[in-house]
Every structure is written in C-alpha cells, then in structure tokens.
Amino acid sequence: MGSQGGFYQSKEFLDLVKSIGEARSKAEEDRIVLNEIETLKRRISEPDIPKRKMKEFIIRLVYVEMLGHDASFGYIHAVKMTHDDSLLVKRTGYLAVTLFLNEDHDLIILIVNTIQKDLKSDNYLVVCAALNAVCKLINEETIPAVLPQVVELLGHPKEAVRKKAIMALHRFYHKSPSSVSHLVSNFRKRLCDNDPGVMGATLCPLFDLITTDVNSYKDLVISFVSILKQVAERRLPKAYDYHQMPAPFIQIKLLKILALLGSGDKQASENMYTVVGDIFRKCDSSSNIGNAVLYECICCVSSIYPNPKLLESAADVISRFLKSDSHNLKYMGIDALGRLIKISPEIAEQHQLAVIDCLEDPDDTLKRKTFELLYKMTKSTNVDVIVDRMIDYMISINDSHYKTEIASRCVELAEQFAPSNQWFIQTMNKVFEHAGDLVNIKVAHNLMRLIAEGFGEDDDSADTQLRSSAVESYLRILGEPKLPSVFLQVICWVLGEYGTADGKFSASYITGKLCDVAEAYSNDETVKAYAVTALMKIYAFEIAAGRKIDMLPECQSLIEELLASHSTDLQQRAYELQAVIGLDAHAVECIMPSDASCEDIEVDKSLSFLNGYVQEAIEKGAQPYIPESERSGMLNISNFRNQDHIEASSHGLRFEAYELPKPTVQSSIPPATLASNELVPVPEPVYSRESYQTPMPSVSSDAGSSELKLRLDGVQKKWGRPTYSPATSTVNSTTQKTVNGTTQVDGASSSNSRSRETYDSRKPQVEISPEKQKLAASLFGGSSKAEKRPATGHKTSKASSHTVEKSHVPKSSVEVVSEKRAPVQPPPDLLDLGEPTIASSAPSIDPFKQLEGLLDPTQDASAVNHGSTTVTKSPDIMGLYAETPAGIQDKDDNLLSGLSNLSVTNIPSGTTTTTSMQSSKGPNLKDALEKDALVRQMGVTPSTQNPNLFKDLLG
C-alpha cells in the first residue's frame, strides 16, 4: 500500500504518516496516535462508508497496531473486508487480519468459511491471499476444514499457488503432524515440479521429515544430487541468482539434506562426492553468500562418510577463513575446524598460530568460540595450558552464565587429563575460589568423592599424597578474606576426614582452624554444620587412637553457643558432639570408624527390622497395612481434579474421527443369570445402606396391555446416594477411524575428516614472537594420543556424575556398516522436463489404502506393494476421503446384520426383541462394577462364538 506513493489516499492519511515520522519524542507520538484512535472510533462506526474510505481506515488501524496501541475495536471491520468482492479490498482485509489476529483469536471462526470459498476462486490472486491467511491463522482445530482444498491446489496451473500450497502444508505439519502424515507423498511429487520456486519450497518440509526419519528417504539421494548438480551448473534461470551465485539458498538447503542422508552411509555418500567437490571448486569466496555455501559444504563433508579429497578441499577453505581480516569468517573457520577435528587432531595443529591469534583477539565472541575449539582438542600434554587459559578468562568476565559453563569445563578437563595430583588440587582450588557459588554443588560433591577414593587403583601411597596435598592447600586458602560457601563446605569436609591422618598437623591446630571458619561465617548455617561435623570426626579419631582430647576454649564456646541455637540441625549436631566426646574408645571406633567415607551404605527399603513390632501389633488387634493401589471404596480427590481438567480442555473444536469397534471377548457371566426368566430387573434408588431391586414385568409383544411403564434403566441418578445403573447397550452407531503412519527418529551421526594445511601469516614481514611460538608448542605439540586419567577409586568403580566421555584417539578410518539396497535408477532431469516420474525404491505407503485393507478382508493383498514401485500418477486424495467412510459403513452393517439375525431367532415367547440386556446389580457395588465392565468389553463376532449365548444376551 505504501508503494503507491500517496495515490488514492486522502490528505488526512498522508498528514498522519508525516506527523508520526516527524515526532520528536515518544510522548508526542503517543499523543498523535491516541488522537487518531479517537477519530477512527468515531468515523469507522458511521453507516454507509465507501469502500475506498474503509480501506484507508483499516490501513490507519494497522499503523496504530504497529506503534504498540490497541486497535481491537476495528478487528471486526477487517474481518468483514475479507468478504468483499473487490480484489483490492479483499487483499487489504486479508493483510489486516493476518496482522491483527493470532491463531487462537475468537474471530478466527468467522474467517474459515471465507477462506474455504476463496480457495476455490478462479482468480489466482484471491487464492494466494487466502493461502497467506491459511499459513498465519489456521490452527490445529481448523486444519481439517481447509486441508482438502489446499491439497487440490497442489496441482494448480499457477506456480505461485502451488508454492503457497506447499508452504501451507508445511505449516500444518508443524501444527499437527498427524493431520498431514498421509500426504507425505505429495512432497515427493512436488520435488519434480517444473518451477524451481515450488521445488525450493518443497525442500523445507522434506528437510523436517528427513530429520525425523532418515531411512525412509534414502531413495531420494539420487534426486537431490541431480537437483544440486543442475543448480551448480547454472541451469536455473538468471532470476534465481543472488550476488552472481546460482540459487545459493537452494544449494544450502540441499547440502543440509545430503548431510543427513549421507551420515554413516557409505553408499549414499559416494553419490554425493562429485557434486560437493564441484561446489568447492566453482563457489566464489569473494562474497558473503559464497562463503555461506562453502561453510555448508564443510558441514556436509564433516557429516557424510569421509573422503580424503573432500577433506583437503575443506581444509583449504578453513585456511582462507582463518586468514581473513573479517571476524565473521574467522568465527566460521574456528567452528568448521571444530567439526573436522573430531577425526584428526592434526588438522588443528596445521592452523595452530591462527587459533592462537583468535584466542588473543579482543572480540569476545570469537574468543569464546576458540575456547570451545580448545576444549574439544584437549589432551594430557596440553591440558595444563588450556585450563590455565580458561581460568584466566573466567576471572576476567562478569557473565555469570558463561562463567559457570567455563568452570564446569575446567573441572571436567582436570578430572580426565590431570597430569599430577598436586596440579589437580590446585586447579580445583582456583575454580572454586574464583567461580564462587556459581559452581554446581554436584562438582563439590564429586571433588570430595574423588579425594576420598583417590586416583590410583592399587597405589595407596598416591592416594595418601593426594589427600595430604589437599589438606595443606586448604589450610593455606583459609587465610583468604572471603571464600564461597560451597568451597568452605569442601574444605571443612576434607579437614575433618584427613586433617590429622598423616600426622603433620595436630588435632588442636585443625580444630582451631575449623572454629575460626564457624566464627567467621556465622551467618551461613550450612558451613557451620560442616564445621561441627568435622570437629566431631577429629575428636572421634583422637579418642579411638587413645589420645587425650584437649578441647580449645573457642571450641567449647562454639559448642555451648550451638546447644542453644534456634536451628534444630545445629543444635542436634552439638548434642551429638557432646555425646561422642563422653564415650570410650571402643564405642567411638564402632560408630565412627576411620576412613569409612568410601564404604557403601546398605539401605533396607523394606524396613525388615520392624517386622517383629508389626507382628506384635497385629496380634494385639491392629489392622494390617493395605497398599494404596489395593484400597477400594475410598474417594481420591485427584480423580476429580483430573476430570475437571479434562472437561475444561475438551470445549474446543475437535475433528478427530471416532474409533472403530473393538474386538469383543467372551463374557464369563453365566447366561442363565442374565435372561433366564421373563422379568427384567430395574434398579431403584438406594436408601440407607441397602440396595433394593424391584422387578418390573416386561412388556408383552401383544398390544393388549394399556399400562405404560417408565423405563429408568441406564438413567443416571441426580439425587440421593450414588447408585449404579447399567447403561443400555446400543449397536446402531457407525464409527470411523483414520489410520496415520508414525515415524521413527533416527539420529544423524556425524563423522569427521582429516586434512593437511599449513598456516601462512597474512603479514609475512612480521616475525612471530618467541612467546607465541612457545604457546603454540604447548597447545599443539607433543603426542596426539589422549591419555585419560581414570576418575574412579581403588575401592569402587564410580564415575564422575557430570563427566562427558570424550575420545581423543585419532582414527585412520571410520567404520560404518554400509547398507545394501536395490539399485536406484537415476531420475530424469528434475527441473528441465515437464512432470517427469521418479523411480523410488521405498515409496511411502498411503495410509488410506492400509485402512481400506483393514476394513475389507477380501481386498487383494497385492494392492499394497511394499517393494520398489514407480510413481506415475498422484493419488486421488479426495477420492480416498469419500471412499473411507463407505467402507467402514459396510463393515459395521455386516456386523449389525449378524447380530440382528441372531437376535430374532429362537426368542422365547413373552419377550420383545427390543429388550435391553441388564446386569443384576446386587448388594455388592464392587461386584456389579466388575460384571458391567465385562459386559461392556464384550464384542466377539457371532460367527466364532456360541449362538445360544448371543440369543440369551440379546433376548
């Protein structure tokens, strides 16, 4: 509308746009818009407004909404405008409606009928406007209302309509995959469309489908390769070129699809090598879009089965990226290097100086990406340099989220590749000291477990040295003015367990330090609790060793203070400490043995030690415990809440088909108890605790009796105590069920590649500093074999709770099991021929054909072909819609006719054929419910059961 340059618009409208653009402040702009709102409210409600003026008012309402104000008073006028016969007015109405409303708005129901009518219009511009509204406004409940028309438009003669129809089906797939799962074959057919725009639009839903289920689309590899080859050879019209690149966005989408299809599949990958290599050679790297295509090629090469020539080409491109002055290209180079390094670490070693330049770059985003690369290439020979760099960077940043991530990575690398125990303890101290309470509590618990279990499997001396190093370092750190709470908890635990273990420090010295910690952090109850427990351990170890306890005055005052603490936890710990001090050596050694932190605690979940107490209570008359799942007759409040939730969520429009009748099972109720006499029991209201049943004589088939009886069987009681009344079974309803296919997720595994490329400095005249050369030697030098240190102790085989297993061993080849498939014939030129056929080895099966096969047992089994077929004609979707209910109706009629024939034969005299089968209620409510459940689940076909049973049941 704005492109009209003011033509056909009033001076008032142009003045509004001008005044908004010249507003000097937000307050002035709001004042102008509020005045406009008042004007529109007054003028839009006038009768007999000309269409040209109403169109202008709607456009002014769009301005009001765009500036953040409420224009809901005019929404209904925009909806009315979509009903107009004028093309310009209708398109304006659709534009306004898609901007004003969302898919859950109450006015959507008023637009569905208009959209249905416009989708059948002869004017393709009207159809396009309706499809635009479909993509924006149709929700899950209204998809079935427009789905048939959208499917028909896939064969429209105008390419713009076909493209928008594909986009509409793609949105339907996002909203409700089950609603379009039977239309997947249409996406395959549109891949052969003569128009490249329609084909390009089809790639988007196919990418989503392939991501969900890769194996179902392996037969399309040849087709995708053929299309990509034609695009790369510039066989598309010039209109699809962008910055002299032939259809780059189609190329990128095709490369993403090929990366999924070729992952771990050697046979499929071999078909891709040639076309990907051609793109590497022909792609222009002087423009951003050309670099984007090259980057996507690298991602594809790193995912499919590796090829040496392609890996070399990818390494050349990465080298150009890293040499560039653009931070964006450097970032892409670092990211691409991280993808290829998974197979061969030598690739990163060839670009080591470039990686160091990125590590020292002032751009923070590039620096973070470089740290991710270093994290992936860490090994035992360079872990100290990389972790130190990461800790220095963690200290320099203020971003709490990223600082937490860096800290967790440092901990993980230190646990896997620690060169020595002392270095491990020092590194963990730095992480806790500078990351503070941002470190996950699991990391602290894991550190304590590692110190307790040790690193050596059989070397106890190494474990003892590790614990001694930890104690010495923690005693030095306690002099810091402010320490994180999590770190203090670790320190107190380690000092309590191993503070006096090696005999270097006396118990008085350790207890004095712990009392200082409790006093300095008096506001932190958790730290004080850890300190008191550590004191108890030290005193217990001293008593067990036979040494005299020399309690310091500050420790005595701390205990007295905690005995009167408001915290029950601290008070309990203080009383336990007092009790332990008063025990003898033998008792203390039994309750608190030395070095028992690694022993497993056996938990008796069945509480078997209470069996004697329970048996004694039962003998005295106590009731035995009944599990909650076995209790009956008790109301559960959660059931009512769930029922209310279901009722509240079931008020929307639902278009799902009904279920087919379930196969019946033979009832275990004796027939004689159901209909052995001429009396039909009718349940009556229940008073007090007993239930009464008044038998009512059945109506005779003769018309002699004039007495009318009110039938109450199956009617729910609204007053009085809740009673059970078996509902009358009806068999005159026809049900319908739609069979939808399901897909399996096959995660696309990624393989890697190796390449060799040397890094050439972009400024040869500048010599590399010795410091940078030394850093490069530290990061990339040495053996490339990953030497993981085990993170388990010599007593247990526990692993770190947050350690991510990584493999750094270079592989000379990737072992992939190639799947043998039937030879696939290459399709004809998909873009140059008109509506060619595609030879596919595994076409998708039409679910409606499966449904017809289920409903019609006489159907030839060869109608559904699971083998290799050639798709030459698109299925008649509307015909399937029309045929399915008929098939179901025939099936149900056969079943009903069989039941009816049984019900009219051998009927005892004095009974009517319309008498409903009743279940005797009886005084026991639970038995009545169980019997009724059996009756309602009964549904075996009459031909396979005893006819006498059905005669009794239906008589």
# chains A, B, ... in the order shown; residues from 1 in each chain; ligands from 1
>>> select_by_dssp(residues="range 33-118 of chain A", states="alpha helix (DSSP H)", output="VMD selection string")
chain A and resid 33 to 43 51 to 66 75 to 81 87 to 100 109 to 118
>>> residues_around(residues="range 540-552 of chain A", least_positions_apart="3", cutoff="12 Å", atoms="only C-alpha atoms", output="MDAnalysis selection string")
chainID A and resid 496:501 503 506:516 533:537 555:559 576:596
>>> residues_around(residues="range 126-138 of chain A", least_positions_apart="3", cutoff="9 Å", atoms="only C-alpha atoms", output="compact mmCIF listing (two decimals) with all heavy atoms, in the first residue's frame")
# COMPACT_ATOMS: atom_id res chain seq x y z
N LEU A 87 -11.10 -7.15 -5.45
CA LEU A 87 -9.81 -7.79 -5.19
C LEU A 87 -8.93 -6.94 -4.28
O LEU A 87 -8.34 -7.45 -3.32
CB LEU A 87 -9.09 -8.06 -6.51
CG LEU A 87 -7.67 -8.63 -6.40
CD1 LEU A 87 -7.69 -9.97 -5.69
CD2 LEU A 87 -7.03 -8.75 -7.77
N LYS A 90 -10.39 -6.98 -0.73
CA LYS A 90 -10.23 -8.29 -0.11
C LYS A 90 -8.79 -8.52 0.34
O LYS A 90 -8.53 -8.99 1.45
CB LYS A 90 -10.66 -9.38 -1.08
CG LYS A 90 -10.55 -10.80 -0.54
CD LYS A 90 -10.93 -11.82 -1.58
CE LYS A 90 -12.42 -11.83 -1.82
NZ LYS A 90 -13.16 -12.41 -0.66
N ARG A 91 -7.83 -8.17 -0.53
CA ARG A 91 -6.43 -8.37 -0.15
C ARG A 91 -6.04 -7.46 1.00
O ARG A 91 -5.25 -7.85 1.87
CB ARG A 91 -5.53 -8.10 -1.36
CG ARG A 91 -5.72 -9.11 -2.48
CD ARG A 91 -4.77 -8.86 -3.64
NE ARG A 91 -3.39 -9.12 -3.25
CZ ARG A 91 -2.35 -8.90 -4.05
NH1 ARG A 91 -2.53 -8.39 -5.26
NH2 ARG A 91 -1.13 -9.17 -3.64
N TYR A 94 -7.40 -9.21 4.10
CA TYR A 94 -6.57 -10.35 4.50
C TYR A 94 -5.26 -9.88 5.13
O TYR A 94 -4.79 -10.46 6.12
CB TYR A 94 -6.28 -11.22 3.28
CG TYR A 94 -7.33 -12.29 3.04
CD1 TYR A 94 -7.98 -12.39 1.81
CD2 TYR A 94 -7.68 -13.19 4.03
CE1 TYR A 94 -8.94 -13.36 1.58
CE2 TYR A 94 -8.63 -14.16 3.81
CZ TYR A 94 -9.27 -14.24 2.58
OH TYR A 94 -10.22 -15.20 2.38
N LEU A 95 -4.66 -8.84 4.56
CA LEU A 95 -3.43 -8.32 5.13
C LEU A 95 -3.65 -7.83 6.56
O LEU A 95 -2.87 -8.14 7.48
CB LEU A 95 -2.89 -7.18 4.26
CG LEU A 95 -1.68 -6.42 4.82
CD1 LEU A 95 -0.47 -7.34 4.93
CD2 LEU A 95 -1.35 -5.22 3.95
N VAL A 97 -6.08 -8.68 8.64
CA VAL A 97 -6.47 -9.77 9.54
C VAL A 97 -5.24 -10.57 9.97
O VAL A 97 -5.10 -10.94 11.15
CB VAL A 97 -7.50 -10.68 8.83
CG1 VAL A 97 -7.63 -12.01 9.55
CG2 VAL A 97 -8.85 -10.00 8.79
N THR A 98 -4.33 -10.85 9.05
CA THR A 98 -3.13 -11.60 9.42
C THR A 98 -2.23 -10.82 10.35
O THR A 98 -1.47 -11.42 11.13
CB THR A 98 -2.34 -11.97 8.16
OG1 THR A 98 -2.08 -10.80 7.39
CG2 THR A 98 -3.11 -12.97 7.31
N LEU A 99 -2.30 -9.49 10.31
CA LEU A 99 -1.51 -8.67 11.23
C LEU A 99 -2.21 -8.49 12.57
O LEU A 99 -1.55 -8.40 13.61
CB LEU A 99 -1.23 -7.30 10.61
CG LEU A 99 -0.34 -7.28 9.37
CD1 LEU A 99 -0.24 -5.88 8.79
CD2 LEU A 99 1.05 -7.78 9.70
N LEU A 101 -4.82 -10.54 14.04
CA LEU A 101 -5.27 -11.71 14.78
C LEU A 101 -4.15 -12.75 14.92
O LEU A 101 -3.18 -12.73 14.17
CB LEU A 101 -6.47 -12.35 14.07
CG LEU A 101 -7.66 -11.43 13.76
CD1 LEU A 101 -8.76 -12.23 13.11
CD2 LEU A 101 -8.17 -10.73 15.01
N ASN A 102 -4.34 -13.63 15.87
CA ASN A 102 -3.50 -14.82 16.01
C ASN A 102 -4.38 -16.05 15.88
O ASN A 102 -5.61 -15.96 15.81
CB ASN A 102 -2.76 -14.81 17.35
CG ASN A 102 -3.69 -14.72 18.53
OD1 ASN A 102 -4.49 -15.63 18.79
ND2 ASN A 102 -3.63 -13.62 19.27
N GLU A 103 -3.75 -17.21 15.82
CA GLU A 103 -4.49 -18.44 15.52
C GLU A 103 -5.49 -18.82 16.59
O GLU A 103 -6.40 -19.61 16.34
CB GLU A 103 -3.51 -19.59 15.31
CG GLU A 103 -2.67 -19.91 16.53
CD GLU A 103 -1.72 -21.06 16.28
OE1 GLU A 103 -1.45 -21.35 15.12
OE2 GLU A 103 -1.27 -21.66 17.27
N ASP A 104 -5.36 -18.26 17.81
CA ASP A 104 -6.28 -18.60 18.90
C ASP A 104 -7.33 -17.52 19.14
O ASP A 104 -8.04 -17.56 20.14
CB ASP A 104 -5.49 -18.85 20.20
CG ASP A 104 -4.56 -20.04 20.07
OD1 ASP A 104 -4.94 -21.01 19.41
OD2 ASP A 104 -3.45 -19.99 20.63
N HIS A 105 -7.41 -16.53 18.27
CA HIS A 105 -8.35 -15.44 18.46
C HIS A 105 -9.78 -15.92 18.22
O HIS A 105 -10.03 -16.85 17.43
CB HIS A 105 -8.01 -14.28 17.51
CG HIS A 105 -8.60 -12.97 17.94
ND1 HIS A 105 -9.89 -12.61 17.66
CD2 HIS A 105 -8.07 -11.93 18.63
CE1 HIS A 105 -10.14 -11.40 18.15
NE2 HIS A 105 -9.03 -10.97 18.75
N ILE A 108 -11.39 -16.02 14.56
CA ILE A 108 -10.88 -16.92 13.52
C ILE A 108 -12.01 -17.75 12.93
O ILE A 108 -12.03 -18.02 11.71
CB ILE A 108 -9.78 -17.83 14.11
CG1 ILE A 108 -8.55 -17.01 14.48
CG2 ILE A 108 -9.39 -18.92 13.11
CD1 ILE A 108 -7.89 -16.33 13.34
N VAL A 112 -12.92 -18.74 8.55
CA VAL A 112 -12.71 -20.06 7.95
C VAL A 112 -13.60 -20.26 6.72
O VAL A 112 -13.15 -20.72 5.67
CB VAL A 112 -12.96 -21.17 8.98
CG1 VAL A 112 -12.86 -22.54 8.33
CG2 VAL A 112 -11.97 -21.05 10.12
N THR A 114 -14.90 -17.97 4.76
CA THR A 114 -14.43 -17.11 3.68
C THR A 114 -13.18 -17.69 3.02
O THR A 114 -13.04 -17.67 1.79
CB THR A 114 -14.12 -15.71 4.23
OG1 THR A 114 -15.26 -15.21 4.92
CG2 THR A 114 -13.72 -14.77 3.13
N ILE A 115 -12.28 -18.24 3.83
CA ILE A 115 -11.07 -18.84 3.27
C ILE A 115 -11.44 -20.04 2.39
O ILE A 115 -10.88 -20.24 1.30
CB ILE A 115 -10.12 -19.26 4.40
CG1 ILE A 115 -9.53 -18.01 5.10
CG2 ILE A 115 -8.99 -20.12 3.87
CD1 ILE A 115 -8.65 -18.33 6.27
N GLN A 116 -12.39 -20.86 2.85
CA GLN A 116 -12.80 -22.01 2.05
C GLN A 116 -13.34 -21.57 0.69
O GLN A 116 -13.05 -22.19 -0.35
CB GLN A 116 -13.87 -22.80 2.80
CG GLN A 116 -13.34 -23.61 3.98
CD GLN A 116 -14.45 -24.34 4.71
OE1 GLN A 116 -15.54 -23.79 4.88
NE2 GLN A 116 -14.17 -25.55 5.13
N ASP A 118 -12.68 -18.67 -0.90
CA ASP A 118 -11.64 -18.02 -1.71
C ASP A 118 -10.63 -19.03 -2.25
O ASP A 118 -10.00 -18.77 -3.28
CB ASP A 118 -10.93 -16.95 -0.89
CG ASP A 118 -11.83 -15.76 -0.59
OD1 ASP A 118 -12.83 -15.59 -1.32
OD2 ASP A 118 -11.55 -15.01 0.37
N LEU A 119 -10.42 -20.14 -1.55
CA LEU A 119 -9.50 -21.15 -2.06
C LEU A 119 -10.01 -21.80 -3.35
O LEU A 119 -9.23 -22.38 -4.10
CB LEU A 119 -9.26 -22.23 -1.00
CG LEU A 119 -8.40 -21.82 0.20
CD1 LEU A 119 -8.32 -22.97 1.20
CD2 LEU A 119 -7.00 -21.40 -0.22
N LYS A 120 -11.31 -21.67 -3.63
CA LYS A 120 -11.90 -22.23 -4.86
C LYS A 120 -12.10 -21.17 -5.93
O LYS A 120 -12.74 -21.44 -6.95
CB LYS A 120 -13.24 -22.89 -4.53
CG LYS A 120 -13.14 -24.02 -3.52
CD LYS A 120 -14.51 -24.59 -3.20
CE LYS A 120 -14.41 -25.70 -2.15
NZ LYS A 120 -15.74 -26.23 -1.79
N SER A 121 -11.58 -19.98 -5.71
CA SER A 121 -11.79 -18.87 -6.64
C SER A 121 -11.04 -19.12 -7.95
O SER A 121 -10.01 -19.81 -8.00
CB SER A 121 -11.32 -17.55 -6.01
OG SER A 121 -11.38 -16.49 -6.94
N ASP A 122 -11.57 -18.51 -9.03
CA ASP A 122 -10.91 -18.60 -10.33
C ASP A 122 -9.75 -17.62 -10.44
O ASP A 122 -8.89 -17.79 -11.31
CB ASP A 122 -11.92 -18.33 -11.45
CG ASP A 122 -13.01 -19.40 -11.50
OD1 ASP A 122 -12.71 -20.54 -11.08
OD2 ASP A 122 -14.12 -19.10 -11.95
N ASN A 123 -9.73 -16.60 -9.62
CA ASN A 123 -8.66 -15.60 -9.64
C ASN A 123 -7.52 -16.09 -8.74
O ASN A 123 -7.70 -16.24 -7.53
CB ASN A 123 -9.19 -14.25 -9.15
CG ASN A 123 -8.20 -13.13 -9.39
OD1 ASN A 123 -6.99 -13.36 -9.51
ND2 ASN A 123 -8.70 -11.90 -9.45
N GLU A 141 -7.25 -27.04 15.25
CA GLU A 141 -8.65 -27.45 15.21
C GLU A 141 -9.30 -27.20 13.86
O GLU A 141 -10.23 -27.91 13.47
CB GLU A 141 -9.43 -26.73 16.31
CG GLU A 141 -8.99 -27.11 17.72
CD GLU A 141 -9.77 -26.35 18.78
OE1 GLU A 141 -10.44 -25.37 18.39
OE2 GLU A 141 -9.69 -26.72 19.95
N THR A 142 -8.85 -26.18 13.15
CA THR A 142 -9.48 -25.83 11.88
C THR A 142 -8.73 -26.36 10.67
O THR A 142 -9.11 -26.06 9.54
CB THR A 142 -9.61 -24.30 11.78
OG1 THR A 142 -8.33 -23.69 12.03
CG2 THR A 142 -10.61 -23.77 12.78
N ILE A 143 -7.65 -27.11 10.88
CA ILE A 143 -6.91 -27.68 9.74
C ILE A 143 -7.81 -28.57 8.88
O ILE A 143 -7.80 -28.46 7.65
CB ILE A 143 -5.67 -28.45 10.24
CG1 ILE A 143 -4.58 -27.47 10.67
CG2 ILE A 143 -5.13 -29.37 9.16
CD1 ILE A 143 -3.35 -28.13 11.27
N VAL A 146 -9.90 -26.88 5.92
CA VAL A 146 -9.30 -26.33 4.70
C VAL A 146 -8.32 -27.29 4.05
O VAL A 146 -7.82 -27.01 2.95
CB VAL A 146 -8.59 -24.99 5.00
CG1 VAL A 146 -9.57 -23.96 5.50
CG2 VAL A 146 -7.46 -25.18 6.00
N VAL A 150 -6.56 -27.21 0.13
CA VAL A 150 -5.13 -26.95 -0.02
C VAL A 150 -4.47 -28.07 -0.81
O VAL A 150 -3.60 -27.83 -1.66
CB VAL A 150 -4.48 -26.78 1.37
CG1 VAL A 150 -2.96 -26.67 1.23
CG2 VAL A 150 -5.01 -25.55 2.07
N ALA A 160 2.80 -19.87 -8.42
CA ALA A 160 2.72 -19.15 -7.14
C ALA A 160 1.73 -19.83 -6.20
O ALA A 160 1.96 -19.91 -4.99
CB ALA A 160 2.31 -17.69 -7.38
N VAL A 161 0.63 -20.34 -6.76
CA VAL A 161 -0.37 -21.03 -5.93
C VAL A 161 0.20 -22.35 -5.42
O VAL A 161 0.03 -22.70 -4.24
CB VAL A 161 -1.66 -21.24 -6.74
CG1 VAL A 161 -2.66 -22.06 -5.94
CG2 VAL A 161 -2.26 -19.91 -7.15
N LYS A 164 2.64 -21.65 -2.54
CA LYS A 164 1.98 -21.29 -1.28
C LYS A 164 1.22 -22.47 -0.69
O LYS A 164 1.09 -22.59 0.54
CB LYS A 164 1.04 -20.09 -1.51
CG LYS A 164 1.77 -18.80 -1.82
CD LYS A 164 0.80 -17.64 -1.97
CE LYS A 164 1.56 -16.37 -2.32
NZ LYS A 164 2.43 -15.93 -1.21
N ALA A 165 0.72 -23.37 -1.53
CA ALA A 165 0.06 -24.58 -1.01
C ALA A 165 1.06 -25.47 -0.28
O ALA A 165 0.74 -26.04 0.78
CB ALA A 165 -0.62 -25.33 -2.15
N MET A 167 3.74 -24.41 1.22
CA MET A 167 4.04 -23.72 2.47
C MET A 167 2.92 -23.92 3.49
O MET A 167 3.18 -24.06 4.69
CB MET A 167 4.27 -22.23 2.20
CG MET A 167 5.46 -21.96 1.29
SD MET A 167 5.54 -20.26 0.68
CE MET A 167 5.79 -19.38 2.21
N ALA A 168 1.67 -23.94 3.00
CA ALA A 168 0.55 -24.17 3.93
C ALA A 168 0.60 -25.58 4.51
O ALA A 168 0.40 -25.79 5.72
CB ALA A 168 -0.78 -23.95 3.20
N LEU A 169 0.90 -26.59 3.68
CA LEU A 169 1.01 -27.95 4.19
C LEU A 169 2.18 -28.08 5.17
O LEU A 169 2.11 -28.84 6.14
CB LEU A 169 1.19 -28.94 3.04
CG LEU A 169 -0.05 -29.22 2.18
CD1 LEU A 169 0.29 -30.21 1.08
CD2 LEU A 169 -1.18 -29.76 3.03
N HIS A 170 3.25 -27.34 4.91
CA HIS A 170 4.38 -27.36 5.84
C HIS A 170 3.98 -26.81 7.19
O HIS A 170 4.36 -27.34 8.24
CB HIS A 170 5.53 -26.53 5.25
CG HIS A 170 6.81 -26.68 6.00
ND1 HIS A 170 7.87 -25.81 5.86
CD2 HIS A 170 7.22 -27.59 6.92
CE1 HIS A 170 8.86 -26.20 6.65
NE2 HIS A 170 8.49 -27.27 7.31
N ARG A 171 3.18 -25.74 7.20
CA ARG A 171 2.70 -25.21 8.48
C ARG A 171 1.78 -26.21 9.17
O ARG A 171 1.84 -26.38 10.39
CB ARG A 171 1.98 -23.88 8.27
CG ARG A 171 1.34 -23.35 9.54
CD ARG A 171 0.65 -22.03 9.34
NE ARG A 171 -0.14 -21.69 10.51
CZ ARG A 171 0.34 -21.12 11.61
NH1 ARG A 171 1.63 -20.86 11.70
NH2 ARG A 171 -0.44 -20.83 12.64
N PHE A 172 0.93 -26.88 8.41
CA PHE A 172 0.06 -27.89 9.00
C PHE A 172 0.90 -28.98 9.67
O PHE A 172 0.53 -29.49 10.74
CB PHE A 172 -0.85 -28.50 7.95
CG PHE A 172 -1.86 -27.55 7.37
CD1 PHE A 172 -2.55 -27.84 6.21
CD2 PHE A 172 -2.12 -26.34 7.99
CE1 PHE A 172 -3.49 -26.98 5.69
CE2 PHE A 172 -3.07 -25.44 7.47
CZ PHE A 172 -3.74 -25.77 6.32
>>> atom_distance(atom1="CA of Ser179 in chain A", atom2="CA of Leu110 in chain A")
22.1 Å
>>> atom_distance(atom1="CA of Val443 in chain A", atom2="CA of Gln571 in chain A")
28.4 Å
>>> residues_around(residues="range 475-480 of chain A", least_positions_apart="3", cutoff="9 Å", atoms="only C-alpha atoms", output="ChimeraX atom specification")
/A:429,433,470-472,483,488,491,495,510,513,517
>>> atom_distance(atom1="CA of Val486 in chain A", atom2="CA of Asn382 in chain A")
28.6 Å
>>> residues_around(residues="Met394 in chain A", least_positions_apart="3", cutoff="9 Å", atoms="only C-alpha atoms", output="MDAnalysis selection string")
chainID A and resid 389:391 397:399 402:404 406:407 431 434:435
